[in-house]
Amino acid sequence: MAAMGRLGFLAVAVVFHLVYIYSIFDIYFVSPIVSGMQLVSVDRPANIKSPADRLVLFVGDGLRADKAFQAFPEPYPESDEDLIPRHLAPFIRSRALQHGTFGVSHTRVPTESRPGHVAMIAGLYEDVSAVATGWKLNPVNFDSVFNRSRHTWSWGSPDILPMFERGAVPGRVDAYMYAADFEDFSKDATHLDIWVFDHVKDLFTQAATNKTLNRALRQDKVVFFLHLLGLDTTGHGFRPYSKEYLHNIQIVDKGVQEVTDLIQKFYADDRTAFVFTADHGMSDWGSHGDGHPDNTRTPLVCWGSGVAPPVLHPGTIAPGHDELSADWGLDHVQRHDVAQADIAALMAYLIGAEFPVNSVGKLPLPYLSANTRQKAEALLANAREILEMYRVKEEKKEANEMRYKPYGAFGGAGLAPAQRVANIDRLISLGKFEEAIEESDALINLTLEGLRYLQTYDWLFLRALITVGYLGWIAYAITTVINLYVVPTSTAPKRSTSTVLGFLSILAALYASFIASKSPSTYYAYALFPLVFWEEVYAQRENLKEGGRLLFGHMGSASHIAAFAVNAIIYCAVIVSLALGYIHREILTGLFILGTVWPVVCGTSFIRSNALLSIAWAISCLVMSTFTLLPAMKHENVDMIVASGVIMSVIGVLYMIFEPFVLSDFSSESAKSSNHTNSLVARVATGIQVGLIILATIVTRSSSLSIQAKQGLPLGNQIMGWIVLVSSFLTPLLHRLSPNSNFMHRLAMMFFTCAPTFIIFTISYEGLFYVTFSLLLAIWVRLEYRIETFGKSQAASTNGSAKTDKAVSHRPLRLSDARVSLFFMVLLQSAFFSTGNVASVSSFSLDSVNRLIPVFDPFSQGALLILKLMIPFVLISANLGVLNKRLQVAPSAFFMVVMAVSDILTLYFFWVVKDEGSWLEIGSTISHFVIASLLCVFVALLEGVSAMFINGIDVGDGSSQSPKIQANGNKDSKKET
Ligand SMILES: [Zn+2]
């Protein structure tokens with residue numbers, strides 16, 4: 001397989017990693033949705049009505065719990081009195097104080113709108129793959145409270161309503177939505193909520209004249225759903241402390257009051273239940289998505305028909321409170337927290353509908369205005385509904401497994417579910433309601449655990465298989481590198497019929513078991529890769545031996561071996577700290593500070609002859625080390641943006657002045673005598689690039705000031721921004737008119753090409769990072785080259801004859817090249833983590849792309865964010881490409897070493913993936929794994945990019961510089977000896 005060479009290797013790398021990333025979906029993200037369950041509802045005698053005839057669900061999208069209940073001064077004060085803190089949602093608050101029940105609804109990650117709504121309306125926690133599949137449509141149809149209702153009217157955003165409308169029986173759910181471009185991120189968004197309230201009012205006004213509508217509204221089991229997106233939008237745009245967000249709370253409260261009054265008046269029967277909550281919270285920096293408590297805690301206030309009145313403890317702190325609710329002024333009212341899916345069970349109960357079939361919500365009994373008997377019966381029905389889901393899932397698993405091992409609590413020594421239900425039934429008929437409630441509660445918990453048991457049934461086997469696969473890849477990649485770049489003439493792979501048959505029979509046995517248990521087709525691929533890899537490694541054993549001899553053969557003495565061992569330990573420590581760097585960005589700071597002393601390792605004579613370069617390296621490392629100390633969450637800082645724009649422009653002007661000097665390797669003698677054609681065209685092209693940088697700075701400054709002043713993004717600024725962005729990427733074409741193959745020229749050109757884009761996307765210090773990173777990379781390439789030639793010259797001076805004279809096109813890889821690959825990995829990682837935390841999506845604020853697309857549009861905005869993230873990688877890959885060429889190593893050799901080594905990271909993350917604990921931990925460990933395994937694919941792509949950028953460049957290692965450096969080196973080494 002090694003014969004396939006470079007391209008084949010890259011293809012295998014990409015395919016293998018993509019397939020193996022998918023394993024995480026087979027292990028962790030198996031959809032919890034099944035079908036075939038029978039419907040379960042609370043049994044009531046025919047003459048007993050359900051707790052409510054209808055239900056109104058208000059969802060304040062992105063309303064975080066504390067903001068809903070705390071007191072603040074009037075957001076837009078008109079008098080001194082307005083400065084006294086007051087509660088901004090007095091109506092909703094009065095429901096908690098006097099009429100209903102309140103608490104905090106705890107959501108799970110990802111704290112996004114879609115999973116939040118699915119949890120509270122369908123009662124299920126969607127797997128993350130569903131979130132990735134699409135926000136607007138259902139990847140799988142699931143049942144919901146709306147689908148169980150007689151009819152549901154819903155108003156709100158086109159991002160949310162369609163999934164419930166299309167998931168339900170056709171015609172059952174009406175959705176009234178504004179157009180998508182109504183959601184403008186850069187402006188006050190209360191109009192979104194006012195739109196919803198106005199349209200609800202319209203519907204009831206129409207009912208006065210429209211008899212069909214009037215009759216429809218007066219049926220039982222009716223649901224009204226008001227999706228209020230304003231808070232989410234103002235939260236993103238202005239953050240939850242802003243007067244805009246707080247004012248929006250007032251608007252929502254007023255609307256909720258008006259709609260409540262209107263509905264109470266329309267029906268005049270007190271048979272309406274009201275639920276007010278949120279899909280997720282909002283972090284202090286205006287984002288959500290992760291498991292931060294600010295994102296997971298949302299308010300829940302229920303009142304109206306069927307809902308219990310507040311439990312008051314005058315003069316004391318009532319149960320349920322903690323430090324979160326200490327400043328809400330609700331101390332004497334008992335607080336009842338729920339899990340978000342419990343809201344679905346509660347709503348189904350209130351309107352007397354069946355529980356949605358996929359619901360894992362547990363009925364929050366304190367919210368029910370019912371006696372203990374009714375509560376016991378309701379909770380038992382709830383338990384039977386969840387058991388029904390368990391039954392269907394277990395049947396499916398049993399049918400597919402060769403040797404199914406049943407869930408311990410329900411099989412073997414434990415009581416079967418049916419017996420448990422019968423026991424609870426008996427307790428109820430005996431009047432032991434409290435006991436029945438306890439038993440039902442325990443049964444629900446057991447069943448939920450059982451569902452998890454079924455969900456994680458295959459984990460052990462799959463994890464073992466995947467681990468063997470990654471180890472196989474690392475071994476295979478190293479074998480290929482040794483074959484291609486270390487061993488001068490590789491021997492043909494040795495295969496015997498018996499070993500091939502051995503590998504084939506293992507594969508056949510695995511496939512047979514997959515067929516028997518009807519495993520997903522991806523399992524076949526998971527099993528194929530490790531066998532192919534290990535078979536190849538085994539067949540190449542002769543080359544491996546030879547490679548080992550070449551790489552390690554010189555280590556004769558014990559001191560050599562000890563030095564190697566120390567190096568190997570440092571190497572592994574750096575890789576492990578890279579892994580820890582995913583969680584603690586500051587670790588990169590430590591690595592860069594350590595990196596400052598790197599030139600010292602090469603000896604004092606090296607430092608002396610390269611003093612300026614070594615100092616420049618140390619300084620740029622120190623500057624780089626500061627970025628990972630700065631917060632990943634950034635506030636917009638216009639001064640910082642302008643400062644980085646100015647620095648980039650100054651660099652541009654300096655480059656234009658000193659270009660001949662730079663291009664002749666910073667040597668003034670050869671600059672004078674240089675025949676570098678400084679054509680007018682090239683200078684004009686560079687001038688245009690610098691002009692674009694200045695223009696980008698001016699436009700960005702004006703755009704962000706305008707957005708900060710809440711005047712939206714002026715159309716002129718938006719157009720100018722796009723023009724600068726697009727034209728800056730076209731400027732390399734100008735340089736084509738006067739080609740210059742000097743590598744420094746090429747790197748400078750790339751720096752100027754990407755600079756305007758980076759300024760447009762900069763929120764705060766990223767522009768400074770861009771400058772520092774570019775300088776560091778350029779210095780790194782020069783330094784590596786000097787070290788290489790320094791080593792050569794020393795070897796030459798001691799051996800007497802210069803081996804470099806030999807016209808070797810590519811030198812074989814040496815053990816020391818592993819260090820170059822490690823540096824590359826550290827730089828890659830710092831490109832990921834210096835301006836944000838790649839492992840936490842919420843740290844990437846949409847502020848930066850608001851200057852080009854001010855309207856919420858996750859896909860286009862996401863694409864622009866990715867463009868911003870990718871720019872440093874383009875620079876890094878071009879620099880490594882140049883380095884590859886300058887060190888005369890075969891193209892892609894370094895990239896391949898990185899691809900082999902980077903999966904040590906992947907395996908590390910695969911092993912630490914959490915299957916238990918908080919959802920935050922599970923979610924972030926999984927995302928680390930995905931990022932680490934994509935790294936290898938990414939490096940493969942970067943190699944392609946670098947090949948493109950360095951195509952046809954002249955790295956200048958020919959006649960002019962090398963002898964000079966060698967001469968220097970000789971001089972120094974003579975001095976030393
Ligand atoms: Zn939301």
# chains A, B, ... in the order shown; residues from 1 in each chain; ligands from 1
>>> residues_around(residues="segment 869-873 of chain A", least_positions_apart="4", cutoff="7 Å", atoms="only C-alpha atoms", output="number ranges by chain")
A: 754, 831, 865, 877
>>> write_last_selection(atoms="C-alpha atoms", output="PDB file, in the first residue's frame")
ATOM      1  CA  CYS A 754      -5.497  38.352   4.099  1.00  0.00           C
ATOM      2  CA  ALA A 831      -3.889  29.282  15.557  1.00  0.00           C
ATOM      3  CA  LEU A 865     -16.587  32.984  10.783  1.00  0.00           C
ATOM      4  CA  SER A 877       0.746  25.902   5.855  1.00  0.00           C
TER       5      SER A 877
END
>>> residues_near_ligand(ligand="ligand 1", cutoff="6 Å", atoms="only C-alpha atoms and all ligand atoms", output="ChimeraX atom specification")
/A:61-62,112-113,232,279-280
>>> write_last_selection(atoms="N, CA and C atoms", output="tab-separated table (two decimals), in the first residue's frame")
chain	number	residue	atom	x	y	z
A	61	ASP	N	-37.63	33.41	24.36
A	61	ASP	CA	-36.42	32.78	23.82
A	61	ASP	C	-35.17	33.47	24.36
A	62	GLY	N	-34.32	32.69	25.03
A	62	GLY	CA	-33.06	33.26	25.54
A	62	GLY	C	-33.22	34.08	26.81
A	112	GLU	N	-29.41	25.42	22.86
A	112	GLU	CA	-29.79	26.11	21.63
A	112	GLU	C	-31.30	26.09	21.52
A	113	SER	N	-31.82	26.90	20.62
A	113	SER	CA	-33.27	27.05	20.53
A	113	SER	C	-33.97	25.75	20.16
A	232	ASP	N	-33.81	36.84	22.77
A	232	ASP	CA	-32.64	36.14	22.24
A	232	ASP	C	-31.85	37.08	21.33
A	279	ASP	N	-36.43	28.73	26.40
A	279	ASP	CA	-35.79	27.54	25.82
A	279	ASP	C	-34.37	27.36	26.34
A	280	HIS	N	-33.70	28.48	26.66
A	280	HIS	CA	-32.32	28.44	27.17
A	280	HIS	C	-32.03	29.82	27.71
>>> closest_residue(among="A:Leu591, A:Val301, A:Leu460, A:Leu312", to="Ser94 of chain A", atoms="only C-alpha atoms")
A:Val301
>>> select_by_dssp(residues="segment 362-476 of chain A", states="helix (DSSP H, G or I)", output="PDB file with C-alpha atoms, in the first residue's frame")
ATOM      1  CA  LEU A 365     -46.305  17.077  40.977  1.00  0.00           C
ATOM      2  CA  PRO A 366     -45.950  20.294  43.046  1.00  0.00           C
ATOM      3  CA  TYR A 367     -47.297  22.202  40.041  1.00  0.00           C
ATOM      4  CA  THR A 372     -52.791  12.938  46.396  1.00  0.00           C
ATOM      5  CA  ARG A 373     -54.934  10.281  44.766  1.00  0.00           C
ATOM      6  CA  GLN A 374     -55.039  12.216  41.493  1.00  0.00           C
ATOM      7  CA  LYS A 375     -51.316  12.854  41.742  1.00  0.00           C
ATOM      8  CA  ALA A 376     -50.585   9.161  42.355  1.00  0.00           C
ATOM      9  CA  GLU A 377     -52.673   8.155  39.362  1.00  0.00           C
ATOM     10  CA  ALA A 378     -51.115  10.790  37.143  1.00  0.00           C
ATOM     11  CA  LEU A 379     -47.566   9.811  38.032  1.00  0.00           C
ATOM     12  CA  LEU A 380     -48.327   6.126  37.459  1.00  0.00           C
ATOM     13  CA  ALA A 381     -49.634   6.966  33.990  1.00  0.00           C
ATOM     14  CA  ASN A 382     -46.447   8.940  33.416  1.00  0.00           C
ATOM     15  CA  ALA A 383     -44.380   5.899  34.479  1.00  0.00           C
ATOM     16  CA  ARG A 384     -46.348   3.611  32.161  1.00  0.00           C
ATOM     17  CA  GLU A 385     -45.732   5.977  29.255  1.00  0.00           C
ATOM     18  CA  ILE A 386     -41.945   5.893  29.795  1.00  0.00           C
ATOM     19  CA  LEU A 387     -42.045   2.115  30.347  1.00  0.00           C
ATOM     20  CA  GLU A 388     -43.836   1.712  27.031  1.00  0.00           C
ATOM     21  CA  MET A 389     -40.888   3.388  25.307  1.00  0.00           C
ATOM     22  CA  TYR A 390     -38.520   1.093  27.173  1.00  0.00           C
ATOM     23  CA  ARG A 391     -40.522  -1.957  26.100  1.00  0.00           C
ATOM     24  CA  VAL A 392     -40.330  -1.047  22.422  1.00  0.00           C
ATOM     25  CA  LYS A 393     -36.614  -0.299  22.610  1.00  0.00           C
ATOM     26  CA  GLU A 394     -35.805  -3.495  24.435  1.00  0.00           C
ATOM     27  CA  GLU A 395     -37.790  -5.563  21.944  1.00  0.00           C
ATOM     28  CA  LYS A 396     -35.782  -4.025  19.116  1.00  0.00           C
ATOM     29  CA  LYS A 397     -32.471  -4.697  20.838  1.00  0.00           C
ATOM     30  CA  GLU A 398     -33.429  -8.251  21.748  1.00  0.00           C
ATOM     31  CA  ALA A 399     -34.404  -9.008  18.172  1.00  0.00           C
ATOM     32  CA  ASN A 400     -30.991  -7.845  16.905  1.00  0.00           C
ATOM     33  CA  PRO A 417     -41.936  -3.808  34.953  1.00  0.00           C
ATOM     34  CA  ALA A 418     -45.444  -5.266  34.745  1.00  0.00           C
ATOM     35  CA  GLN A 419     -45.205  -6.528  38.347  1.00  0.00           C
ATOM     36  CA  ARG A 420     -44.020  -3.139  39.512  1.00  0.00           C
ATOM     37  CA  VAL A 421     -46.964  -1.400  37.818  1.00  0.00           C
ATOM     38  CA  ALA A 422     -49.365  -3.908  39.353  1.00  0.00           C
ATOM     39  CA  ASN A 423     -47.881  -3.237  42.799  1.00  0.00           C
ATOM     40  CA  ILE A 424     -48.382   0.499  42.431  1.00  0.00           C
ATOM     41  CA  ASP A 425     -51.947  -0.071  41.219  1.00  0.00           C
ATOM     42  CA  ARG A 426     -52.603  -2.079  44.349  1.00  0.00           C
ATOM     43  CA  LEU A 427     -51.142   0.628  46.577  1.00  0.00           C
ATOM     44  CA  ILE A 428     -53.501   3.149  44.974  1.00  0.00           C
ATOM     45  CA  SER A 429     -56.536   0.917  45.464  1.00  0.00           C
ATOM     46  CA  PHE A 433     -51.189   7.262  47.693  1.00  0.00           C
ATOM     47  CA  GLU A 434     -47.941   8.671  49.103  1.00  0.00           C
ATOM     48  CA  GLU A 435     -46.326   5.267  48.842  1.00  0.00           C
ATOM     49  CA  ALA A 436     -47.654   4.824  45.313  1.00  0.00           C
ATOM     50  CA  ILE A 437     -46.121   8.175  44.347  1.00  0.00           C
ATOM     51  CA  GLU A 438     -42.769   7.125  45.778  1.00  0.00           C
ATOM     52  CA  GLU A 439     -42.891   3.825  43.922  1.00  0.00           C
ATOM     53  CA  SER A 440     -43.868   5.449  40.621  1.00  0.00           C
ATOM     54  CA  ASP A 441     -41.091   7.949  41.060  1.00  0.00           C
ATOM     55  CA  ALA A 442     -38.586   5.130  41.650  1.00  0.00           C
ATOM     56  CA  LEU A 443     -39.959   3.209  38.681  1.00  0.00           C
ATOM     57  CA  ILE A 444     -39.531   6.217  36.386  1.00  0.00           C
ATOM     58  CA  ASN A 445     -35.933   6.641  37.511  1.00  0.00           C
ATOM     59  CA  LEU A 446     -35.236   2.930  36.972  1.00  0.00           C
ATOM     60  CA  THR A 447     -36.796   3.026  33.528  1.00  0.00           C
ATOM     61  CA  LEU A 448     -34.778   6.075  32.520  1.00  0.00           C
ATOM     62  CA  GLU A 449     -31.651   4.225  33.631  1.00  0.00           C
ATOM     63  CA  GLY A 450     -32.818   1.221  31.635  1.00  0.00           C
ATOM     64  CA  LEU A 451     -33.256   3.391  28.563  1.00  0.00           C
ATOM     65  CA  ARG A 452     -29.707   4.552  29.033  1.00  0.00           C
ATOM     66  CA  TYR A 453     -28.579   0.951  29.407  1.00  0.00           C
ATOM     67  CA  LEU A 454     -30.087   0.129  26.029  1.00  0.00           C
ATOM     68  CA  GLN A 455     -28.684   3.298  24.503  1.00  0.00           C
ATOM     69  CA  TRP A 459     -20.199   0.901  23.806  1.00  0.00           C
ATOM     70  CA  LEU A 460     -17.496  -1.392  25.172  1.00  0.00           C
ATOM     71  CA  PHE A 461     -17.053  -3.315  21.956  1.00  0.00           C
ATOM     72  CA  LEU A 462     -17.141  -0.255  19.731  1.00  0.00           C
ATOM     73  CA  ARG A 463     -14.647   1.647  21.824  1.00  0.00           C
ATOM     74  CA  ALA A 464     -12.172  -1.223  21.756  1.00  0.00           C
ATOM     75  CA  LEU A 465     -12.514  -1.517  18.000  1.00  0.00           C
ATOM     76  CA  ILE A 466     -11.996   2.209  17.427  1.00  0.00           C
ATOM     77  CA  THR A 467      -8.912   2.277  19.658  1.00  0.00           C
ATOM     78  CA  VAL A 468      -7.295  -0.557  17.714  1.00  0.00           C
ATOM     79  CA  GLY A 469      -8.151   1.368  14.558  1.00  0.00           C
ATOM     80  CA  TYR A 470      -6.404   4.573  15.638  1.00  0.00           C
ATOM     81  CA  LEU A 471      -3.322   2.699  16.839  1.00  0.00           C
ATOM     82  CA  GLY A 472      -3.320   0.938  13.480  1.00  0.00           C
ATOM     83  CA  TRP A 473      -3.405   4.260  11.662  1.00  0.00           C
ATOM     84  CA  ILE A 474      -0.487   5.659  13.664  1.00  0.00           C
ATOM     85  CA  ALA A 475       1.569   2.539  12.986  1.00  0.00           C
ATOM     86  CA  TYR A 476       0.616   2.565   9.332  1.00  0.00           C
TER      87      TYR A 476
END
>>> residues_around(residues="segment 817-826 of chain A", least_positions_apart="3", cutoff="7 Å", atoms="only C-alpha atoms", output="PyMOL selection string")
chain A and resi 813-814+829-830+894+897-898
>>> atom_distance(atom1="atom CA of Asn742 of chain A", atom2="atom CA of Phe658 of chain A")
14.5 Å
